[in-house]
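Chemist: Here it is, the structure in full.
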Number of protein chains: 4
Amino acid sequence: MEFRLQPLTKEGAKLVSLAEEHAPALADRAGEHDRASSFPFESFEEMRESGLLKACVPVELGGLGVDSAHDVAVGMGRLAQGDGATALGANMHLTQVWLLSRFWKSVRDAGAKESAERLEGFLRRLASGQVLISSTVAEAGTDILHPHLQAVEAPGGWILNGRKSFGTLTPAAQLLQVTCRVTGKDGQARFAVASVPKGSPGVDVRDNWDALGMRASGSNDVVFKDCFVPEGSVSELGPWGQWSEPYLTGNIVITLGLVAVFLGIAESARDHVVRAATSESGRKKSDKYSIRHLVAQLEIDLAASRAMLSRTGVACDDLFRRFEAGSTPVEELHALMKDFQCTKWFVTRKAIDIVDGAMTLSGGSGYLSKSPLSRLYRDVRAGPFMQPFSPKEAFEYIGRVTLGLPPDLGE
Amino acid sequence: MEFRLQPLTKEGAKLVSLAEEHAPALADRAGEHDRASSFPFESFEEMRESGLLKACVPVELGGLGVDSAHDVAVGMGRLAQGDGATALGANMHLTQVWLLSRFWKSVRDAGAKESAERLEGFLRRLASGQVLISSTVAEAGTDILHPHLQAVEAPGGWILNGRKSFGTLTPAAQLLQVTCRVTGKDGQARFAVASVPKGSPGVDVRDNWDALGMRASGSNDVVFKDCFVPEGSVSELGPWGQWSEPYLTGNIVITLGLVAVFLGIAESARDHVVRAATSESGRKKSDKYSIRHLVAQLEIDLAASRAMLSRTGVACDDLFRRFEAGSTPVEELHALMKDFQCTKWFVTRKAIDIVDGAMTLSGGSGYLSKSPLSRLYRDVRAGPFMQPFSPKEAFEYIGRVTLGLPPDLGE
Amino acid sequence: MEFRLQPLTKEGAKLVSLAEEHAPALADRAGEHDRASSFPFESFEEMRESGLLKACVPVELGGLGVDSAHDVAVGMGRLAQGDGATALGANMHLTQVWLLSRFWKSVRDAGAKESAERLEGFLRRLASGQVLISSTVAEAGTDILHPHLQAVEAPGGWILNGRKSFGTLTPAAQLLQVTCRVTGKDGQARFAVASVPKGSPGVDVRDNWDALGMRASGSNDVVFKDCFVPEGSVSELGPWGQWSEPYLTGNIVITLGLVAVFLGIAESARDHVVRAATSESGRKKSDKYSIRHLVAQLEIDLAASRAMLSRTGVACDDLFRRFEAGSTPVEELHALMKDFQCTKWFVTRKAIDIVDGAMTLSGGSGYLSKSPLSRLYRDVRAGPFMQPFSPKEAFEYIGRVTLGLPPDLGE
Amino acid sequence: MEFRLQPLTKEGAKLVSLAEEHAPALADRAGEHDRASSFPFESFEEMRESGLLKACVPVELGGLGVDSAHDVAVGMGRLAQGDGATALGANMHLTQVWLLSRFWKSVRDAGAKESAERLEGFLRRLASGQVLISSTVAEAGTDILHPHLQAVEAPGGWILNGRKSFGTLTPAAQLLQVTCRVTGKDGQARFAVASVPKGSPGVDVRDNWDALGMRASGSNDVVFKDCFVPEGSVSELGPWGQWSEPYLTGNIVITLGLVAVFLGIAESARDHVVRAATSESGRKKSDKYSIRHLVAQLEIDLAASRAMLSRTGVACDDLFRRFEAGSTPVEELHALMKDFQCTKWFVTRKAIDIVDGAMTLSGGSGYLSKSPLSRLYRDVRAGPFMQPFSPKEAFEYIGRVTLGLPPDLGE
């Protein structure tokens with residue numbers, strides 16, 4: 001019996017199979033990029049060539065047609081068994097494409113021909129591998145509903161000023177999606193998303209990512225200084241500080257993939273120590289009950305984490321198939337987001353526990369830099385920081401939705 | 001969105017729907033039977049009348065035809081939302097019938113006409129509601145693989161001597177299934193199951209069930225003193241102390257339903273406090289973050305427990321559909337049992353945590369005997385004791401299977 | 001080496017030794033009073049005769065002169081190893097006397113002769129065993145800083161109206177100490193404590209204590225209906241809803257003893273299972289690693305609980321020796337209360353875990369009503385409800401004091 | 001009120017005060033040595049000059065006369081608030097000197113003049129700061145009771161062959177103390193300790209320490225190849241694989257200081273985030289309950305950890321004052337070791353939890369390499385690996401001693 005998560009669609013199966021093919025090479029490079037905090041450009045080139053990066057483009061537009069959010073997450077988990085930092089970047093791009101594809105379908109079904117065609121063109125470019133998208137919502141000192149990056153109307157477009165942090169994939173991306181704040185003529189602040197070609201004047205992707213883990217993810221700061229983007233580049237989603245349908249959808253799908261990445265890291269740590277314990281030399285030690293006890297704890301945590309991720313993934317697919325982009329009821333999305341937040345908190349914490357348990361099982365050897373466990377231990381700690389929500393917010397949000405209270409947290 | 005577990009088959013949906021109809025009456029009687037440690041005969045009569053008790057008899061033999069172990073568990077969970085002790089008893093009977101029906105199908109498919117007909121007759125009697133089956137494996141001072149109840153060959157049958165404990169449903173049962181030890185002519189001890197009509201001479205069902213919780217489950221001791229059963233009443237399953245295919249299957253399916261019962265108890269406790277917190281008077285208190293924090297913790301634990309139970313239930317259905325009774329590979333059953341043990345340990349412990357959290361949320365009020373929480377708190381603690389495995393054995397078993405070591409634990 | 005908590009003063013050693021003498025008789029009666037929810041009058045009579053109940057009366061006034069709060073707690077822990085519910089009641093009385101004795105010393109040292117003499121007379125009566133004091137702060141629907149029991153000025157005294165709950169020791173007490181709310185002539189609500197002879201007209205001690213555990217503690221509701229008490233019976237401590245020096249002191253000392261009671265219950269459960277595991281028949285089972293693993297967990301939790309309780313006890317003694325009643329700085333008291341709340345939360349939760357672990361170690365046998373574990377499991381759950389603070393408030397309070405925020409929680 | 005651990009002797013107070021003076025400079029250098037995995041020679045030079053390194057030499061022989069193991073641990077905790085890796089090294093030396101001083105007293109009291117004088121001479125050299133001692137017990141693939149390093153008798157001395165790992169302080173040490181295995185003429189393997197000048201031919205201190213954390217501790221491998229040491233350099237302590245009085249004593253005292261180091265790291269992390277939360281900009285955020293909740297959890301864990309460490313430290317002092325070196329009963333030492341193992345497991349795990357909680361409180365900022373939290377997070381993970389015992393052995397040992405089973409674990 002196979003207890004790893006399995007794809008539910010045949011398109012998803014293709015993605016998962018590609019991810020499994022890429023994983024070994026990613027694993028080979030992981031140590032080096034971790035030490036140097038360098039970006040794995042070669043891995044992204046390989047994933048472009050294999051077609052993995054176009055997984056979420058519809059088949060009719062040249063992609064693999066993966067439309068199951070569950071399966072995207074399963075794929076990202078497999079990739080993370082090779083290298084978590086690389087999977088983090090890949091997930092950013094794939095889920096952005098997933099959202100665009102879903103949007104395109106709704107536009108097409110609504111008969112908005114011109115818009116549909118524009119989107120089709122862009123999706124074909126994505127299928128051809130010419131564009132990588134990095135999406136950044138985080139800023140220091142605020143939460144993801146209250147960005148301070150300013151977009152001000154200017155002749156023929158908008159001027160952006162501000163700073164984003166944790167800009168995963170920015171070294172390789174051609175296009176940056178960033179959340180921002182627009183102050184309308186009525187003085188009301190509005191929440192928006194801006195699309196900015198990385199090469200635009202006024203965009204400065206700092207080469208400053210230097211962190212405890214996920215060092216190969218290129219999660220740099222990005223500074224926008226009087227950066228001009230043309231009309232059509234800024235989409236308003238609703239009032240600043242409030243959830244909207246597209247933003248809820250986006251945050252669920254993107255972060256679902258991120259959670260799968262941390263599960264993948266945990267699986268990799270678990271496999272490492274189970275392999276050691278069942279090797280010829282390790283076999284002797286597994287005579288000790290304490291080894292079996294610790295292994296059992298890993299298995300329980302892993303089984304629970306897989307079950308939760310899968311269950312939420314299925315719930316996502318279910319909801320997103322019942323409704324098109326633009327028409328998904330916001331309360332349903334909050335119900336789903338609540339369930340997902342249970343999963344997110346649980347899985348990212350359990351992933352930490354699993355790697356910690358693997359570290360214990362290793363004896364001192366996993367603590368040495370030469371052991372992959374020492375990297376996994378640092379990488380996996382990033383999980384709870386993924387937005388939304390931080391551990392400081394998640395309980396509040398879950399409690400509010402459960403008790404029928406308004407779900408928007410204060411700034 | 002609905003996050004409670006849902007049946008996956010239409011027959012299962014019928015069972016779940018019946019269980020939901022019975023639950024309110026069970027809840028009404030729960031307090032009284034708990035205080036008196038009395039058996040809810042009236043509830044079993046109602047469940048007989050409604051057809052719930054014949055849920056697992058094949059449709060062609062007069063039952064509801066539920067063959068999804070997942071759905072049986074979902075149904076038992078719903079029943080437990082009314083009363084856990086009653087659900088415990090119902091599960092005993094339903095899963096025994098499930099196993100018989102599965103066995104009948106394999107016998108029929110193998111073309112063993114006579115055997116098939118005998119089983120058909122018995123299943124029709126079960127469908128007509130004439131027989132309740134209580135299955136008892138536990139004995140004081142040993143584990144479930146090493147029963148000390150002796151079955152000794154005698155002219156025309158067997159003589160049983162020994163004592164079983166935790167004989168759930170014995171007050172209402174007509175037939176007792178008990179594990180026993182047979183010593184063959186070769187001196188080798190063998191593991192067997194005996195079917196004993198409760199009215200047989202030498203069977204003494206003690207009226208001695210008096211425990212912390214699950215007080216309405218009638219889990220009495222049963223003493224066998226020179227009890228004669230005719231030939232054909234004792235089925236040998238393999239060497240004493242070793243797992244066999246039918247015993248693994250039985251223990252998975254029966255205990256899966258038991259785990260669902262404890263999840264149902266937890267759901268009931270959670271619903272109790274969420275209802276209170278969202279009532280008019282409670283609404284005010286949910287302004288406090290600490291309330292929301294505690295509620296969020298319940299939701300996370302509940303989501304994880306549901307996900308695990310469902311995942312294992314689906315894995316069960318999957319395996320039991322791939323193979324017939326008698327031909328399921330033992331290693332596959334151990335792989336499934338291992339996954340199930342992760343689920344069992346996790347869910348029964350989390351169920352305790354959830355009721356404990358609900359108790360905390362209640363303030364002191366849940367500690368008073370008049371609150372249903374004070375019963376749920378006692379009932380739910382029985383979960384980890386359900387066999388197999390006790391918490392003292394589960395980690396060892398899980399570790400062994402994971403590491404490829406022999407899965408039979410010492411006595 | 002002895003790792004149970006030890007008294008630090010010779011007077012304390014006398015109390016602890018008395019408690020150890022009483023414990024076996026308390027244990028003998030525990031099961032019966034638990035079943036009947038009856039009050040152990042005979043045990044209180046014995047503790048009166050032995051002098052235990054006058055432990056905190058100064059030696060010069062006829063008592064044993066125990067002035068170490070640490071040692072009072074150690075004594076209550078020993079008593080609880082016999083029966084927790086009895087210890088709960090004894091602690092109520094002893095700590096009230098401790099507070100009175102401390103107050104008497106400060107009055108005497110301040111040269112307030114008349115007041116000192118009045119207190120001396122009362123303390124001598126306490127030494128003679130004529131009076132048991134029950135102190136009740138809890139009311140349904142509010143916290144302990146915001147009592148709704150009304151004390152209204154009347155000619156020659158006060159009229160009380162309201163209802164208290166969790167009135168431990170009320171069946172045997174002659175004097176009730178209750179917190180109340182006084183509305184002054186300026187319209188400002190004030191926080192006060194009223195002393196009410198139990199026999200006063202308008203006092204109705206309900207015989208309604210019926211709870212999950214601590215069933216022998218007589219923690220009845222007390223209803224006050226137009227109850228008159230003479231001048232001098234109501235002491236105002238400060239504004240309603242705010243902490244004051246005497247109320248902080250009282251709540252620390254009383255609750256410290258309560259926490260020790262729950263530690264004692266846990267020690268009793270642990271001793272029960274270690275005794276079983278080291279008995280001749282149990283010895284065989286302790287060959288199993290899982291048994292040793294579970295025992296080790298108990299030892300760790302117990303060691304941590306003892307260490308915390310002792311540390312806070314020493315900190316109490318230290319502060320209360322540096323300052324007299326009436327002059328202890330409130331910030332120091334909040335610092336101590338914060339430390340104590342860490343201890344209280346930790347020890348009462350760990351006590352629950354320890355009894356739960358003992359239950360697991362027992363196999364199913366501890367779940368039967370005839371096992372003392374089934375009572376300890378219910379008794380120990382009361383711990384976190386002891387005021388102050390409930391688990392719903394404790395984290396908020398600790399966080400506030402640590403971060404230098406105002407320590408008064410909202411109603 | 002001060003809740004950090006405080007020294008109990010005046011000599012200890014001097015040590016603690018020196019440690020507090022060194023801490024800021026250690027903190028200033030910590031980041032750099034961590035990045036470079038370089039040894040803080042300058043810090044050891046400063047600690048030599050200040051007299052800290054001679055703290056445990058008796059006053060009459062030129063030291064500070066600290067003989068409280070509790071106070072040594074408190075001092076190491078303070079040093080670790082500056083830098084954990086440096087404190088790890090300092091503890092190695094100080095506790096070795098503590099053991100020598102204790103041994104000297106027993107030798108002197110026994111009237112063994114010659115031995116006493118030789119020890120005096122060595123202790124005076126230690127007082128003058130000419131010698132740093134590094135003690136190494138660990139080897140890959142075995143536990144600390146079963147060293148494979150061979151000491152074989154040779155003319156005029158011994159020949160050593162083998163390899164030690166985790167040789168903390170070896171870059172600066174002049175003398176290496178290593179455990180080894182001697183095979184006597186009777187063929188029985190014996191456990192011994194060898195003292196080896198680092199400059200001896202055949203000693204190769206590898207410069208290969210490269211680990212997740214504690215990177216400035218210089219915990220290199222040391223290879224012994226045909227290394228000759230003269231007679232008197234190898235002390236046999238008893239049979240190989242069995243605990244002896246001096247080895248138990250040594251392992252308790254050394255590791256007590258190590259545990260204090262990890263507590264100090266946790267205190268440093270906690271102070272970092274509490275400082276941030278009470279800064280002007282942080283103040284606003286502490287309006288959020290979730291912040292206060294997380295802070296409260298840190299305080300509880302810290303209070304429990306301090307309480308346990310202190311309690312065991314006091315128990316150590318108590319036992320070591322009741323008995324001299326050479327005459328401490330082994331069962332008493334096992335009872336103490338058991339209590340200490342409870343403390344060791346608890347405190348090193350809670351220290352990890354505290355730093356993890358501080359990381360959560362930091363938001364993402366603590367995850368960046370520039371934050372000291374990112375170093376503390378890596379450093380603190382070493383705690384559970386400190387010997388004795390690893391988490392894989394500790395539960396077994398605690399369980400055995402509690403249940404009265406033989407305390408020697410298998411190899």
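Residue numbers start at 1 in each chain; chains themselves are named A, B, ... in the order of the structure tokens; ligands are numbered from 1 in the order shown.
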Just need the residues of chain B within 6 Å of chain C, counting only C-alpha atoms, so spit them out as a list in words.
Modeler: Asp210, Ala211, Leu212, Ser290, Tyr367, Leu368, Ser369, Ser374 and Lys392 of chain B
Chemist: List the spatial neighbours of A:Met337 as a PDB file with C-alpha atoms, in the first residue's frame - criterion: any atom at most 9 Å away, only C-alpha atoms, same-chain residues fewer than 5 positions off excluded.
Modeler:
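Produced file part-v1.pdb, reproduced below:
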```pdb
ATOM      1  CA  LEU A 248      -8.976  34.495  -0.815  1.00  0.00           C
ATOM      2  CA  THR A 249      -8.785  32.062  -3.718  1.00  0.00           C
ATOM      3  CA  ASN A 251      -4.040  32.759  -0.971  1.00  0.00           C
ATOM      4  CA  ILE A 252      -5.583  29.349  -0.507  1.00  0.00           C
ATOM      5  CA  GLU A 332     -17.665  29.421   1.268  1.00  0.00           C
ATOM      6  CA  CYS A 342      -6.211  24.204  10.422  1.00  0.00           C
ATOM      7  CA  ILE A 398     -10.019  30.080  12.817  1.00  0.00           C
TER       8      ILE A 398
END
```
Chemist: With DSSP run on the backbone, what are the helix (DSSP H, G or I) residues within stretch 324-389 of chain B? I'd like them as a VMD selection string.
Modeler: chain B and resid 330 to 361 363 to 367 372 to 380 383 to 385
Chemist: Counting only C-alpha atoms, what is within 7 Å of A:Val72, bar same-chain residues fewer than 4 positions away, as a PDB file with all heavy atoms, in the first residue's frame?
Modeler:
```pdb
ATOM      1  N   GLY A  12      -2.644  15.730 -13.328  1.00  0.00           N
ATOM      2  CA  GLY A  12      -1.854  15.833 -12.105  1.00  0.00           C
ATOM      3  C   GLY A  12      -0.800  14.741 -12.034  1.00  0.00           C
ATOM      4  O   GLY A  12       0.331  14.975 -11.592  1.00  0.00           O
ATOM      5  N   SER A  68      -6.312  20.645 -10.902  1.00  0.00           N
ATOM      6  CA  SER A  68      -6.574  20.214  -9.530  1.00  0.00           C
ATOM      7  C   SER A  68      -5.554  20.866  -8.601  1.00  0.00           C
ATOM      8  O   SER A  68      -4.346  20.637  -8.716  1.00  0.00           O
ATOM      9  CB  SER A  68      -6.453  18.687  -9.439  1.00  0.00           C
ATOM     10  OG  SER A  68      -6.195  18.297  -8.099  1.00  0.00           O
ATOM     11  N   MET A  76       4.232  19.620  -5.866  1.00  0.00           N
ATOM     12  CA  MET A  76       5.196  20.469  -5.165  1.00  0.00           C
ATOM     13  C   MET A  76       5.840  19.701  -4.005  1.00  0.00           C
ATOM     14  O   MET A  76       7.008  19.886  -3.694  1.00  0.00           O
ATOM     15  CB  MET A  76       4.524  21.751  -4.670  1.00  0.00           C
ATOM     16  CG  MET A  76       4.008  22.653  -5.793  1.00  0.00           C
ATOM     17  SD  MET A  76       5.324  23.142  -6.988  1.00  0.00           S
ATOM     18  CE  MET A  76       5.105  21.924  -8.280  1.00  0.00           C
ATOM     19  N   GLY A 257       0.058  24.875  -1.867  1.00  0.00           N
ATOM     20  CA  GLY A 257       1.284  24.343  -2.461  1.00  0.00           C
ATOM     21  C   GLY A 257       2.481  24.519  -1.532  1.00  0.00           C
ATOM     22  O   GLY A 257       3.334  23.638  -1.415  1.00  0.00           O
TER      23      GLY A 257
END
```
Chemist: Got a sec: who's within 12 Å of stretch 65-67 of chain A, counting only C-alpha atoms, leaving out chain neighbours fewer than 4 positions off, as a ChimeraX atom specification?
Modeler: /A:7-16,51-61,71-75,94-95,97-103,105,123,127,253,313,316-318,320-321
Chemist: Determine, counting only C-alpha atoms, which protein, DNA and RNA residues have an atom within 12 Å of an atom of A:Glu46; residues of the same chain fewer than 2 positions away are not included. Present the result as a CSV table (one decimal) with all heavy atoms, in the first residue's frame.
Modeler:
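Output file selection-v4.csv follows:
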```
chain,number,residue,atom,x,y,z
A,18,LEU,N,6.7,14.2,-13.4
A,18,LEU,CA,7.8,15.1,-13.8
A,18,LEU,C,8.6,15.5,-12.5
A,18,LEU,O,9.8,15.5,-12.5
A,18,LEU,CB,7.3,16.3,-14.5
A,18,LEU,CG,6.9,16.1,-16.0
A,18,LEU,CD1,6.2,17.4,-16.5
A,18,LEU,CD2,8.1,15.8,-16.8
A,19,ALA,N,7.8,15.8,-11.5
A,19,ALA,CA,8.5,16.3,-10.3
A,19,ALA,C,9.4,15.2,-9.7
A,19,ALA,O,10.5,15.5,-9.2
A,19,ALA,CB,7.4,16.7,-9.2
A,21,GLU,N,10.9,13.0,-11.4
A,21,GLU,CA,12.1,12.9,-12.2
A,21,GLU,C,13.1,14.0,-11.9
A,21,GLU,O,14.3,13.8,-11.9
A,21,GLU,CB,11.7,13.0,-13.7
A,21,GLU,CG,11.1,11.7,-14.2
A,21,GLU,CD,10.4,11.9,-15.6
A,21,GLU,OE1,10.8,12.8,-16.4
A,21,GLU,OE2,9.4,11.2,-15.8
A,22,HIS,N,12.6,15.2,-11.6
A,22,HIS,CA,13.5,16.3,-11.3
A,22,HIS,C,14.1,16.2,-9.9
A,22,HIS,O,15.2,16.7,-9.7
A,22,HIS,CB,12.7,17.6,-11.3
A,22,HIS,CG,12.5,18.1,-12.7
A,22,HIS,ND1,13.5,18.5,-13.6
A,22,HIS,CD2,11.3,18.2,-13.4
A,22,HIS,CE1,12.9,18.9,-14.8
A,22,HIS,NE2,11.6,18.7,-14.7
A,23,ALA,N,13.4,15.5,-9.0
A,23,ALA,CA,13.9,15.6,-7.6
A,23,ALA,C,15.3,15.2,-7.3
A,23,ALA,O,16.0,15.9,-6.6
A,23,ALA,CB,12.9,14.8,-6.7
A,25,ALA,N,18.1,15.4,-9.1
A,25,ALA,CA,19.0,16.5,-9.5
A,25,ALA,C,18.9,17.6,-8.5
A,25,ALA,O,19.9,18.3,-8.1
A,25,ALA,CB,18.8,16.9,-10.9
A,26,LEU,N,17.7,18.0,-8.1
A,26,LEU,CA,17.5,19.1,-7.1
A,26,LEU,C,18.3,18.7,-5.8
A,26,LEU,O,18.9,19.6,-5.2
A,26,LEU,CB,16.0,19.3,-6.9
A,26,LEU,CG,15.3,20.3,-7.7
A,26,LEU,CD1,15.5,20.1,-9.2
A,26,LEU,CD2,13.8,20.4,-7.4
A,40,PRO,N,19.1,28.4,-7.8
A,40,PRO,CA,19.3,27.2,-8.7
A,40,PRO,C,18.8,27.4,-10.1
A,40,PRO,O,17.8,26.8,-10.6
A,40,PRO,CB,18.6,26.1,-8.0
A,40,PRO,CG,17.5,26.8,-7.3
A,40,PRO,CD,18.0,28.1,-6.9
A,41,PHE,N,19.4,28.4,-10.9
A,41,PHE,CA,18.9,28.7,-12.2
A,41,PHE,C,18.8,27.4,-13.1
A,41,PHE,O,17.9,27.3,-13.9
A,41,PHE,CB,19.8,29.7,-12.9
A,41,PHE,CG,19.7,31.1,-12.3
A,41,PHE,CD1,20.7,31.6,-11.4
A,41,PHE,CD2,18.7,31.9,-12.6
A,41,PHE,CE1,20.6,32.8,-10.8
A,41,PHE,CE2,18.6,33.2,-12.0
A,41,PHE,CZ,19.5,33.6,-11.2
A,42,GLU,N,19.8,26.6,-12.9
A,42,GLU,CA,19.9,25.4,-13.8
A,42,GLU,C,18.7,24.5,-13.6
A,42,GLU,O,18.2,23.9,-14.5
A,42,GLU,CB,21.2,24.6,-13.6
A,42,GLU,CG,21.4,24.0,-12.2
A,42,GLU,CD,21.9,25.0,-11.1
A,42,GLU,OE1,21.4,26.1,-11.1
A,42,GLU,OE2,22.8,24.6,-10.3
A,43,SER,N,18.2,24.4,-12.3
A,43,SER,CA,17.1,23.6,-12.1
A,43,SER,C,15.8,24.1,-12.7
A,43,SER,O,15.0,23.4,-13.3
A,43,SER,CB,16.8,23.4,-10.6
A,43,SER,OG,18.0,22.8,-10.0
A,44,PHE,N,15.7,25.5,-12.7
A,44,PHE,CA,14.5,26.1,-13.3
A,44,PHE,C,14.6,25.9,-14.9
A,44,PHE,O,13.5,25.7,-15.5
A,44,PHE,CB,14.3,27.5,-12.9
A,44,PHE,CG,13.7,27.6,-11.6
A,44,PHE,CD1,14.4,27.5,-10.4
A,44,PHE,CD2,12.3,27.8,-11.5
A,44,PHE,CE1,13.7,27.5,-9.2
A,44,PHE,CE2,11.6,27.8,-10.3
A,44,PHE,CZ,12.3,27.7,-9.1
A,48,ARG,N,11.8,24.0,-17.0
A,48,ARG,CA,11.2,24.7,-18.2
A,48,ARG,C,11.2,23.7,-19.3
A,48,ARG,O,10.2,23.5,-20.0
A,48,ARG,CB,12.0,25.9,-18.5
A,48,ARG,CG,11.3,26.9,-19.5
A,48,ARG,CD,12.1,28.0,-19.8
A,48,ARG,NE,13.3,27.7,-20.6
A,48,ARG,CZ,13.3,27.3,-21.9
A,48,ARG,NH1,12.2,27.3,-22.6
A,48,ARG,NH2,14.5,26.9,-22.5
A,49,GLU,N,12.4,23.1,-19.5
A,49,GLU,CA,12.5,22.1,-20.6
A,49,GLU,C,11.6,20.9,-20.5
A,49,GLU,O,11.0,20.5,-21.5
A,49,GLU,CB,14.0,21.7,-20.7
A,49,GLU,CG,14.8,22.7,-21.5
A,49,GLU,CD,16.3,22.4,-21.4
A,49,GLU,OE1,16.6,21.2,-21.1
A,49,GLU,OE2,17.1,23.3,-21.5
A,50,SER,N,11.5,20.4,-19.3
A,50,SER,CA,10.6,19.2,-19.2
A,50,SER,C,9.1,19.5,-19.3
A,50,SER,O,8.3,18.6,-19.4
A,50,SER,CB,10.9,18.6,-17.8
A,50,SER,OG,10.2,19.4,-16.8
A,51,GLY,N,8.8,20.8,-19.2
A,51,GLY,CA,7.4,21.2,-19.2
A,51,GLY,C,6.7,21.3,-17.9
A,51,GLY,O,5.6,21.7,-17.8
A,52,LEU,N,7.5,21.0,-16.8
A,52,LEU,CA,6.9,21.1,-15.5
A,52,LEU,C,6.3,22.5,-15.2
A,52,LEU,O,5.3,22.7,-14.6
A,52,LEU,CB,7.9,20.7,-14.4
A,52,LEU,CG,7.4,20.7,-13.0
A,52,LEU,CD1,7.9,19.5,-12.2
A,52,LEU,CD2,7.7,22.0,-12.2
A,53,LEU,N,7.1,23.5,-15.6
A,53,LEU,CA,6.7,24.9,-15.3
A,53,LEU,C,5.4,25.3,-16.0
A,53,LEU,O,4.8,26.3,-15.6
A,53,LEU,CB,7.8,25.8,-15.6
A,53,LEU,CG,9.1,25.7,-14.6
A,53,LEU,CD1,10.2,26.6,-15.1
A,53,LEU,CD2,8.7,25.9,-13.2
A,86,THR,N,13.8,25.1,-3.9
A,86,THR,CA,13.5,25.1,-5.3
A,86,THR,C,12.0,24.9,-5.5
A,86,THR,O,11.4,25.6,-6.3
A,86,THR,CB,14.2,24.0,-6.1
A,86,THR,OG1,15.6,24.1,-5.8
A,86,THR,CG2,14.0,24.0,-7.6
A,90,ALA,N,9.2,27.2,-7.5
A,90,ALA,CA,8.3,26.6,-8.5
A,90,ALA,C,6.8,26.8,-8.2
A,90,ALA,O,6.0,27.1,-9.1
A,90,ALA,CB,8.7,25.1,-8.7
A,129,GLY,N,7.3,29.0,-22.0
A,129,GLY,CA,8.4,29.1,-21.1
A,129,GLY,C,9.2,30.4,-21.1
A,129,GLY,O,10.3,30.4,-20.6
```
Chemist: Identify, on the basis of only C-alpha atoms, every residue whose closest approach to stretch 152-155 of chain A does not exceed 10 Å; exclude the query and any residue fewer than 2 positions from it along the same chain; express the result as a list in words.
Modeler: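 The filter keeps Leu149, Gln150, Gly157, Trp158, Ile159, Leu160, Asn161, Cys180, Arg181, Val182, Thr183, Gly184, Lys185, Asp226, Phe228, Val229, Pro230, Glu231 and Val234 of chain A.
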Chemist: Please determine, counting only C-alpha atoms, which residue among D:Leu258, D:Val223, D:Ala151, D:Ala112 has the shortest atom-to-atom distance to D:Gly202.
Modeler: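 Going through D:Leu258, D:Val223, D:Ala151, D:Ala112 one by one, the smallest distance to D:Gly202 is for D:Val223.
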Chemist: As a list of chain:residue names, which residues of stretch 184-406 of chain A does DSSP assign to strand (DSSP E)?
Modeler: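 Assigned to strand (DSSP E), within stretch 184-406 of chain A: A:Ala189, A:Arg190, A:Phe191, A:Ala192, A:Val193, A:Ala194, A:Ser195, A:Val196, A:Pro197, A:Val203, A:Asp204, A:Val205, A:Asn220, A:Asp221, A:Val222, A:Val223, A:Phe224, A:Lys225, A:Asp226, A:Cys227, A:Phe228, A:Val229, A:Pro230, A:Val234, A:Ser235, A:Glu236, A:Leu237, A:Gly238, A:Pro239.
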Chemist: Residues within 9 Å of A:His272, please, as a PyMOL selection string. Count only C-alpha atoms; anything in the same chain fewer than 4 positions from it doesn't count.
Modeler: chain A and resi 267-268+276-277+358+372-373
